[in-house]
Every structure is written in C-alpha cells, then in structure tokens.
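Visitor: Handing you a structure now.
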Number of protein chains: 2
Amino acid sequence: MARIKPGKNASKKDVIIQNAATLFKSKGFSSASMRELAEAVGVEAPSLYNHIGSKSELLQGICFKVANAFTSYLDSTENTLGKYTERLEQIIRFHIRMMLDNFDEVYVANHEWKHLKEPYLSNFLLQRRSYEKRLISLMEGGIMAKEFKHTNPYVAVLTILSAVRGLEFWQQHKKNISSQVLEDDMVNHLLKGITK
Amino acid sequence: MARIKPGKNASKKDVIIQNAATLFKSKGFSSASMRELAEAVGVEAPSLYNHIGSKSELLQGICFKVANAFTSYLDSTENTLGKYTERLEQIIRFHIRMMLDNFDEVYVANHEWKHLKEPYLSNFLLQRRSYEKRLISLMEGGIMAKEFKHTNPYVAVLTILSAVRGLEFWQQHKKNISSQVLEDDMVNHLLKGITK
DNA sequence: TATAAAAACTAATAAGCATTAGTTTTGTAA
DNA sequence: TTACAAAACTAATGCTTATTAGTTTTTATA
C-alpha cells in the first residue's frame, strides 16, 4: 500500500507538514525551498507532490490549524459563567501553552500568514479580526462589571496578545525557567502589573 | 551633477532605503524584488546599483539604524538619577514612539533581521542581546529596591518588550485613538495591571 | 507468485531572481 | 558651448525556483 508506514499517529503528509513548519519558521516561507523540505523529509523534491498539492497548501494547513485551535478554545469558554477575570486568565494561559507546546506552527501562523494566497489570506484575516473582537467584548464586559480598570479595551487586548506572542523569543531560555513559573509570572504581570 | 535633485533632506539613496523599508515590510525581504523596489522609486532595477551596493546592504542599513536608535536612547538614560520606575516608564514610552513614528523600519528590523548575512547577523543579535541584558539589570535593580514586585526579571522584560512590539498590529486603528491615549494606557497596563 | 496501486526516482520546463557589462542620456561647471 | 561625471538605460548572465511528465521501484493484497 504505502512505501513508508506512517508513524503511530502521523501519516507521511503529517510528517511533511511538521517539517514544513520547522523550516518555514527558521528560514521564512519565501526563503524555504521545496528541495530543503524534501531533504528534511528524506526524499527528492518532486516526491513531495505525491502527498501534497503545493507549497502554498502547506502554509494554509499550518495557518488554519492554529487559527482554528484558538477559535475553538474561545468557543469553549463562551458558556462558562465565571467572572471576567477568570475567563481572561484562562484564555491567557491557553495562549501561553499554545506558544510553548506548538511553537513552530504558532510561529509560522503569526509570521508567515502574509504569504497566503487569496481567498485564504482574506479568510485568515477575517477569522483573526473576529477573534480579536470577541476578546475586546470580553474586556468591555469586565470593564463595565468593574472587574477591570477603565481603559481602552483595544489597547488592553493588544497588550495582552502581544505580550504572550513574545514568548517566541523565549525559546532560548526554556531550560532556565519552568513553564509554570513563566506562565504564572506573565499572567500576574498582565493582570496586576509590575509596580508595587 | 545628479539627475534627480535630492529632496530637502533626503538623498536618492535615502529615498531608496525608505522605499525598501516599506516594501520589505509589506512583502517580506525575500519576496520583495529589486524590480519592485525600482518601480516604487521610479527607475529601472539596474539603476539602483548606482546608489546602493546590494539588496542585503539595504536590509543591513535598516536593521542597524533601528538597533542603534534604541541603544543610543538607553545610553542616554543610563546616567539619570531617577527612580527605577521612572526610567522604565521613559524607556517604554520611547519604544512606543519609535513604533509609531518609524513604523516601517522598526517593523523590518523586528521581522526581517533573520535574512541578514554574516557577520551582520551575529552583530545584530549580539547588540540585541546586550540591550535586553541591560533592561534586565534595570528590572533587577527595581526589584531589589522594592519598586517592582518580586518576579522573574526575564519574564517581565519580555512581557514589556513584546507588548510594545505588538503596536505593529495597531496601525489600522491609528485614526480611532490618539497616540497619547494609546501610550498612556499601555504604560499604565504594563506598570500597574488591568485588574482593580 | 501475480497484480495493482502507491510512491519513489530522473529529467525537463518555464519563470523569476540579483547582479554585471556596456552604452546612452542628462545635468553641471568651466 | 564644451567637457566631464553622475546616473539613467538595454541586454545579458548565471543561478534558483516550484512544479510537471514520464518511468521505475516498492509494497500490500489476492
């Protein structure tokens, strides 16, 4: 049937996608060549096309997998009755864990979405814009409920999302500090500030 | 002497560099072609080489101009006697203003440095690492002086730098909110938190 | 063992790239 | 107006790219 048996849970296509994420992360989508990807996978470049449609399709797969993960999690918190602070904290923690556990793919989705082709580019941006709006609503709710300070909700959401995204720079220090401390300190900083 | 007179303060080389920053920002360094850059400038591609050495050189110019601006500002605050909180606030405000006033170039320095060639790549990373370390020292001083909470200084610096960097997403909302409100709200959030 | 499909391979295509060489145009200063 | 230099142009080079076509090898099943 197939030449190389898929791993326990990963088809050859999955292997290609994962290698693509790693390669796109380290060289950027445009600079990464299908020859390099093929070498990482262990075949000649044209053989890749037995499993995938195109280079673009790889980027699409990565970007929408990540976008859907965030959207799904937000959906799952939509019906919780907890306080705004609790929901916000949950969401921040999910972002941090996504960054730490799926680094390559999240990095690529964050940095290389620009190279998506239409209509995927538009869809991706729409989905992200919609996600941001839902977070802003959450923030506005918390402000009206007096759980959050009176501040511009756009700025607050931007600050939080950007800070978490910055974990991409953290990879180098991974060994020096536990994920739990990192997660807790960042959540505290974003919710309660740094000054005493 | 020259075919096209330079603008009041900008030589033709400066015009090319500014156009390169805009192009590299919107398409990425690798995807941006010298043909496109030439079209933006209003000449044929080979004519660019009467003014610049190479495509790489353009990226180098942009990246180090930005890096030096940040380093110089940090130098200038080194001898101020003020409290840690004040110095940190000044630095955050400088970062925010750099993002708003020199968006294209800062964006390129943040996103495209990866495509620098050696030895510029190594130098750039060294300079950035050194800058981060100086900020971490500042943070540690503030913690020891009990101005800042007891937290991991790496995480705090990362959170602040990343949040500010995220202003790159803000460009679209520029018209809806004044720079001053943005700056003040973000500084407050990062120093004092969002929860009441 | 024979059959058929899946997936590997080699070779080739057509396009795009940064850059160089050589020439012509343009603008300034004598 | 003539001479010179700066900067534009056209044409060409050599390289890299994603992808397709056509063929051979491998693998699983009957």
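We label chains A, B, ... in the order they appear in the structure tokens, count residues from 1 in each chain, and number ligands from 1 in the order shown.
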Residues within 12 Å of segment 127-138 of chain B, please, as a VMD selection string. Count only C-alpha atoms (C1' of nucleotides); anything in the same chain fewer than 3 positions from it doesn't count.

Guide: (chain A and resid 169 172) or (chain B and resid 63 to 64 66 to 75 77 to 78 82 to 89 91 to 92 109 to 110 113 120 to 124 141 to 145 147 to 148 151 to 162)

Visitor: Go ahead and save the picked residues with N, CA and C atoms, as a compact mmCIF listing (two decimals), in the first residue's frame.

Guide:
```
# COMPACT_ATOMS: atom_id res chain seq x y z
N PHE A 169 10.34 34.62 21.64
CA PHE A 169 11.73 34.96 21.95
C PHE A 169 12.25 34.17 23.14
N GLN A 172 14.95 30.27 23.83
CA GLN A 172 16.33 30.07 24.25
C GLN A 172 16.47 29.87 25.75
N CYS B 63 18.21 47.66 9.58
CA CYS B 63 18.27 46.97 10.87
C CYS B 63 19.18 47.69 11.86
N PHE B 64 20.33 48.14 11.40
CA PHE B 64 21.27 48.76 12.35
C PHE B 64 20.88 50.20 12.68
N VAL B 66 17.87 51.11 13.25
CA VAL B 66 16.90 50.92 14.32
C VAL B 66 17.59 50.48 15.61
N ALA B 67 18.46 49.48 15.48
CA ALA B 67 19.14 48.97 16.67
C ALA B 67 19.93 50.07 17.36
N ASN B 68 20.61 50.89 16.56
CA ASN B 68 21.41 51.96 17.15
C ASN B 68 20.55 53.02 17.83
N ALA B 69 19.38 53.27 17.28
CA ALA B 69 18.48 54.24 17.91
C ALA B 69 18.09 53.79 19.31
N PHE B 70 17.76 52.51 19.44
CA PHE B 70 17.37 52.01 20.77
C PHE B 70 18.56 52.02 21.73
N THR B 71 19.69 51.57 21.23
CA THR B 71 20.88 51.54 22.09
C THR B 71 21.25 52.95 22.56
N SER B 72 21.21 53.90 21.64
CA SER B 72 21.57 55.28 21.99
C SER B 72 20.63 55.83 23.05
N TYR B 73 19.35 55.55 22.90
CA TYR B 73 18.42 56.10 23.90
C TYR B 73 18.68 55.49 25.27
N LEU B 74 18.95 54.19 25.27
CA LEU B 74 19.22 53.55 26.56
C LEU B 74 20.47 54.15 27.18
N ASP B 75 21.49 54.39 26.36
CA ASP B 75 22.69 55.07 26.85
C ASP B 75 22.32 56.39 27.53
N THR B 77 19.76 57.33 29.02
CA THR B 77 19.06 57.26 30.31
C THR B 77 19.95 56.67 31.40
N GLU B 78 21.13 56.22 30.99
CA GLU B 78 21.97 55.45 31.92
C GLU B 78 22.39 56.30 33.13
N GLY B 82 17.00 59.24 38.45
CA GLY B 82 15.62 58.98 38.85
C GLY B 82 15.38 57.57 39.37
N LYS B 83 14.19 57.35 39.82
CA LYS B 83 13.82 56.05 40.31
C LYS B 83 13.73 55.05 39.16
N TYR B 84 13.76 53.77 39.51
CA TYR B 84 13.67 52.72 38.51
C TYR B 84 12.36 52.82 37.72
N THR B 85 11.30 53.06 38.43
CA THR B 85 10.00 53.15 37.77
C THR B 85 10.00 54.23 36.70
N GLU B 86 10.60 55.36 37.04
CA GLU B 86 10.64 56.46 36.07
C GLU B 86 11.45 56.09 34.84
N ARG B 87 12.60 55.50 35.08
CA ARG B 87 13.44 55.13 33.93
C ARG B 87 12.75 54.10 33.06
N LEU B 88 12.13 53.12 33.71
CA LEU B 88 11.43 52.10 32.93
C LEU B 88 10.31 52.73 32.10
N GLU B 89 9.59 53.63 32.74
CA GLU B 89 8.49 54.29 32.03
C GLU B 89 9.01 55.08 30.82
N ILE B 91 11.63 54.50 29.09
CA ILE B 91 12.06 53.57 28.04
C ILE B 91 10.85 52.99 27.31
N ILE B 92 9.83 52.63 28.05
CA ILE B 92 8.62 52.10 27.40
C ILE B 92 8.04 53.15 26.46
N ALA B 109 13.16 45.74 10.99
CA ALA B 109 14.21 45.30 11.91
C ALA B 109 13.70 44.16 12.78
N ASN B 110 12.44 44.24 13.20
CA ASN B 110 11.88 43.20 14.07
C ASN B 110 11.63 41.89 13.33
N TRP B 113 15.33 40.65 10.23
CA TRP B 113 16.75 40.55 10.60
C TRP B 113 17.29 39.15 10.29
N TYR B 120 26.90 40.43 9.81
CA TYR B 120 25.90 41.36 10.31
C TYR B 120 24.86 40.68 11.18
N LEU B 121 24.50 39.46 10.79
CA LEU B 121 23.51 38.73 11.58
C LEU B 121 23.98 38.55 13.02
N SER B 122 25.21 38.08 13.17
CA SER B 122 25.74 37.87 14.52
C SER B 122 25.84 39.18 15.29
N ASN B 123 26.30 40.22 14.63
CA ASN B 123 26.41 41.51 15.30
C ASN B 123 25.06 42.03 15.76
N PHE B 124 24.09 41.88 14.90
CA PHE B 124 22.75 42.35 15.24
C PHE B 124 22.23 41.62 16.47
N GLY B 141 17.37 45.77 39.45
CA GLY B 141 17.58 46.88 40.38
C GLY B 141 16.28 47.33 41.01
N GLY B 142 15.26 47.46 40.17
CA GLY B 142 13.96 47.90 40.67
C GLY B 142 13.34 46.91 41.64
N ILE B 143 13.59 45.63 41.36
CA ILE B 143 13.05 44.61 42.27
C ILE B 143 13.76 44.68 43.62
N MET B 144 15.08 44.81 43.57
CA MET B 144 15.84 44.88 44.83
C MET B 144 15.52 46.15 45.60
N ALA B 145 15.22 47.22 44.87
CA ALA B 145 14.85 48.49 45.54
C ALA B 145 13.39 48.48 45.98
N GLU B 147 10.83 48.62 44.28
CA GLU B 147 9.89 49.39 43.47
C GLU B 147 9.03 48.46 42.64
N PHE B 148 9.61 47.33 42.26
CA PHE B 148 8.87 46.35 41.45
C PHE B 148 8.58 45.11 42.27
N THR B 151 9.41 39.21 40.89
CA THR B 151 9.00 38.40 39.74
C THR B 151 10.25 38.05 38.95
N ASN B 152 10.10 37.15 38.01
CA ASN B 152 11.26 36.82 37.19
C ASN B 152 11.56 37.99 36.25
N PRO B 153 12.76 38.57 36.36
CA PRO B 153 13.05 39.77 35.56
C PRO B 153 13.06 39.50 34.07
N TYR B 154 13.46 38.32 33.66
CA TYR B 154 13.42 37.97 32.24
C TYR B 154 11.99 38.03 31.72
N VAL B 155 11.10 37.41 32.48
CA VAL B 155 9.71 37.38 32.04
C VAL B 155 9.14 38.79 31.97
N ALA B 156 9.48 39.61 32.94
CA ALA B 156 8.95 40.98 32.96
C ALA B 156 9.42 41.77 31.75
N VAL B 157 10.72 41.68 31.46
CA VAL B 157 11.27 42.42 30.32
C VAL B 157 10.65 41.91 29.02
N LEU B 158 10.56 40.61 28.91
CA LEU B 158 9.97 40.01 27.72
C LEU B 158 8.53 40.48 27.54
N THR B 159 7.79 40.49 28.61
CA THR B 159 6.39 40.90 28.54
C THR B 159 6.28 42.34 28.04
N ILE B 160 7.11 43.19 28.59
CA ILE B 160 7.04 44.61 28.21
C ILE B 160 7.47 44.81 26.76
N LEU B 161 8.61 44.26 26.40
CA LEU B 161 9.10 44.46 25.03
C LEU B 161 8.11 43.91 24.01
N SER B 162 7.55 42.76 24.32
CA SER B 162 6.63 42.13 23.37
C SER B 162 5.35 42.92 23.24
```

Visitor: Which residues are near DA11 of chain C? Cut-off 12 Å, only C-alpha atoms (C1' of nucleotides), ignore same chain within fewer than 6 positions. Put them as a list in words.

Guide: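 Once the nearby chain positions are removed, what remains is Pro46 of chain A; DT20, DA21, DG22 and DT23 of chain D.
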
Visitor: Each residue of chain C lying at most 12 Å from chain B should get a row with its shortest atom-to-atom pair and the distance in Å to one decimal, counting only C-alpha atoms (C1' of nucleotides); could you produce that, ordered by chain and increasing number, as a tab-separated table?

Guide:
```
residue	atom	partner	partner_atom	distance
C:DG16	C1'	B:Ser33	CA	9.4
C:DC17	C1'	B:Ser33	CA	7.6
C:DA18	C1'	B:Met34	CA	7.5
C:DT19	C1'	B:Pro46	CA	7.8
C:DT20	C1'	B:Pro46	CA	9.0
C:DA21	C1'	B:Pro46	CA	11.1
C:DT25	C1'	B:Arg3	CA	9.9
C:DT26	C1'	B:Arg3	CA	6.3
C:DG27	C1'	B:Met1	CA	5.7
C:DT28	C1'	B:Met1	CA	5.3
C:DA29	C1'	B:Met1	CA	9.0
```

Visitor: Find the distance between atom CA of Gln90 of chain B and atom CA of Val187 of chain B and write it in Å to one decimal.

Guide: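 We find that atom CA of Gln90 of chain B and atom CA of Val187 of chain B lie 9.5 Å from each other.
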
Visitor: Residues of chain D near chain B: apply a cut-off of 8 Å, count only C-alpha atoms (C1' of nucleotides), and supply the list as a ChimeraX atom specification.

Guide: /D:5-9

Visitor: Atoms to include: C-alpha atoms (C1' of nucleotides). Write the selected residues as a PDB file, in the first residue's frame.

Guide:
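Generated output (part-v8.pdb):
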```pdb
ATOM      1  C1'  DA D   5      30.823  62.831 -14.389  1.00  0.00           C
ATOM      2  C1'  DA D   6      26.690  61.054 -12.498  1.00  0.00           C
ATOM      3  C1'  DA D   7      23.012  58.278 -13.323  1.00  0.00           C
ATOM      4  C1'  DA D   8      19.919  56.500 -16.339  1.00  0.00           C
ATOM      5  C1'  DC D   9      19.105  52.829 -19.874  1.00  0.00           C
TER       6       DC D   9
END
```

Visitor: As a ChimeraX atom specification, list the residues of segment 97-174 of chain B assigned to helix (DSSP H, G or I) by DSSP on the backbone atoms of this structure.

Guide: /B:97-101,103-115,120-144,153-169,171-174

Visitor: Set out as a tab-separated table a contact list for chain A and chain B with a cut-off of 9 Å, giving each residue of chain A that qualifies its closest atom pair and distance in Å to one decimal, counting only C-alpha atoms, ordered by chain and rising residue number.

Guide:
```
residue	atom	partner	partner_atom	distance
A:Ser26	CA	B:Lys114	CA	8.4
A:Lys27	CA	B:Lys114	CA	7.5
A:Gly28	CA	B:Ser30	CA	8.3
A:Phe29	CA	B:Ser30	CA	8.8
A:Ser30	CA	B:Ser30	CA	5.9
A:Ser31	CA	B:Ser30	CA	6.1
A:Thr85	CA	B:Thr195	CA	7.7
A:His111	CA	B:His111	CA	8.0
A:Lys114	CA	B:Lys27	CA	7.5
A:His115	CA	B:Lys27	CA	7.9
A:Lys146	CA	B:Lys196	CA	7.6
A:Glu147	CA	B:Thr195	CA	6.1
A:Phe148	CA	B:Thr195	CA	4.5
A:Lys149	CA	B:Lys196	CA	5.6
A:His150	CA	B:Ile194	CA	8.6
A:Thr151	CA	B:Asp185	CA	6.4
A:Asn152	CA	B:Asp185	CA	6.9
A:Val155	CA	B:Met186	CA	6.5
A:Ala156	CA	B:Met186	CA	7.2
A:Leu158	CA	B:Gly166	CA	6.7
A:Thr159	CA	B:Ala163	CA	4.8
A:Ile160	CA	B:Ala163	CA	6.8
A:Leu161	CA	B:Ala163	CA	7.6
A:Ser162	CA	B:Ala163	CA	4.6
A:Ala163	CA	B:Ala163	CA	4.3
A:Val164	CA	B:Thr159	CA	7.2
A:Arg165	CA	B:Ser162	CA	7.1
A:Gly166	CA	B:Ser162	CA	4.7
A:Leu167	CA	B:Leu158	CA	7.6
A:Phe169	CA	B:Leu158	CA	7.9
A:Trp170	CA	B:Leu158	CA	7.9
A:Val181	CA	B:Asn152	CA	8.2
A:Leu182	CA	B:Val155	CA	6.6
A:Asp185	CA	B:Thr151	CA	6.4
A:Met186	CA	B:Val155	CA	6.5
A:Asn188	CA	B:Gly193	CA	8.2
A:His189	CA	B:Gly193	CA	6.5
A:Leu190	CA	B:Gly193	CA	5.6
A:Leu191	CA	B:Gly193	CA	4.9
A:Lys192	CA	B:Gly193	CA	3.9
A:Gly193	CA	B:Gly193	CA	3.5
A:Ile194	CA	B:Leu191	CA	5.0
A:Thr195	CA	B:Phe148	CA	4.5
A:Lys196	CA	B:Lys149	CA	5.5
```

Visitor: Record the distance separating atom CA of Ala20 of chain B and atom CA of Glu39 of chain B, expressed in Å with one decimal.

Guide: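 Going from atom CA of Ala20 of chain B over to atom CA of Glu39 of chain B covers 11.1 Å.
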
Visitor: Please, what distance in Å, to one decimal, runs between atom CA of Glu36 of chain B and atom C1' of DT24 of chain C?

Guide: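 The value is 23.9 Å.
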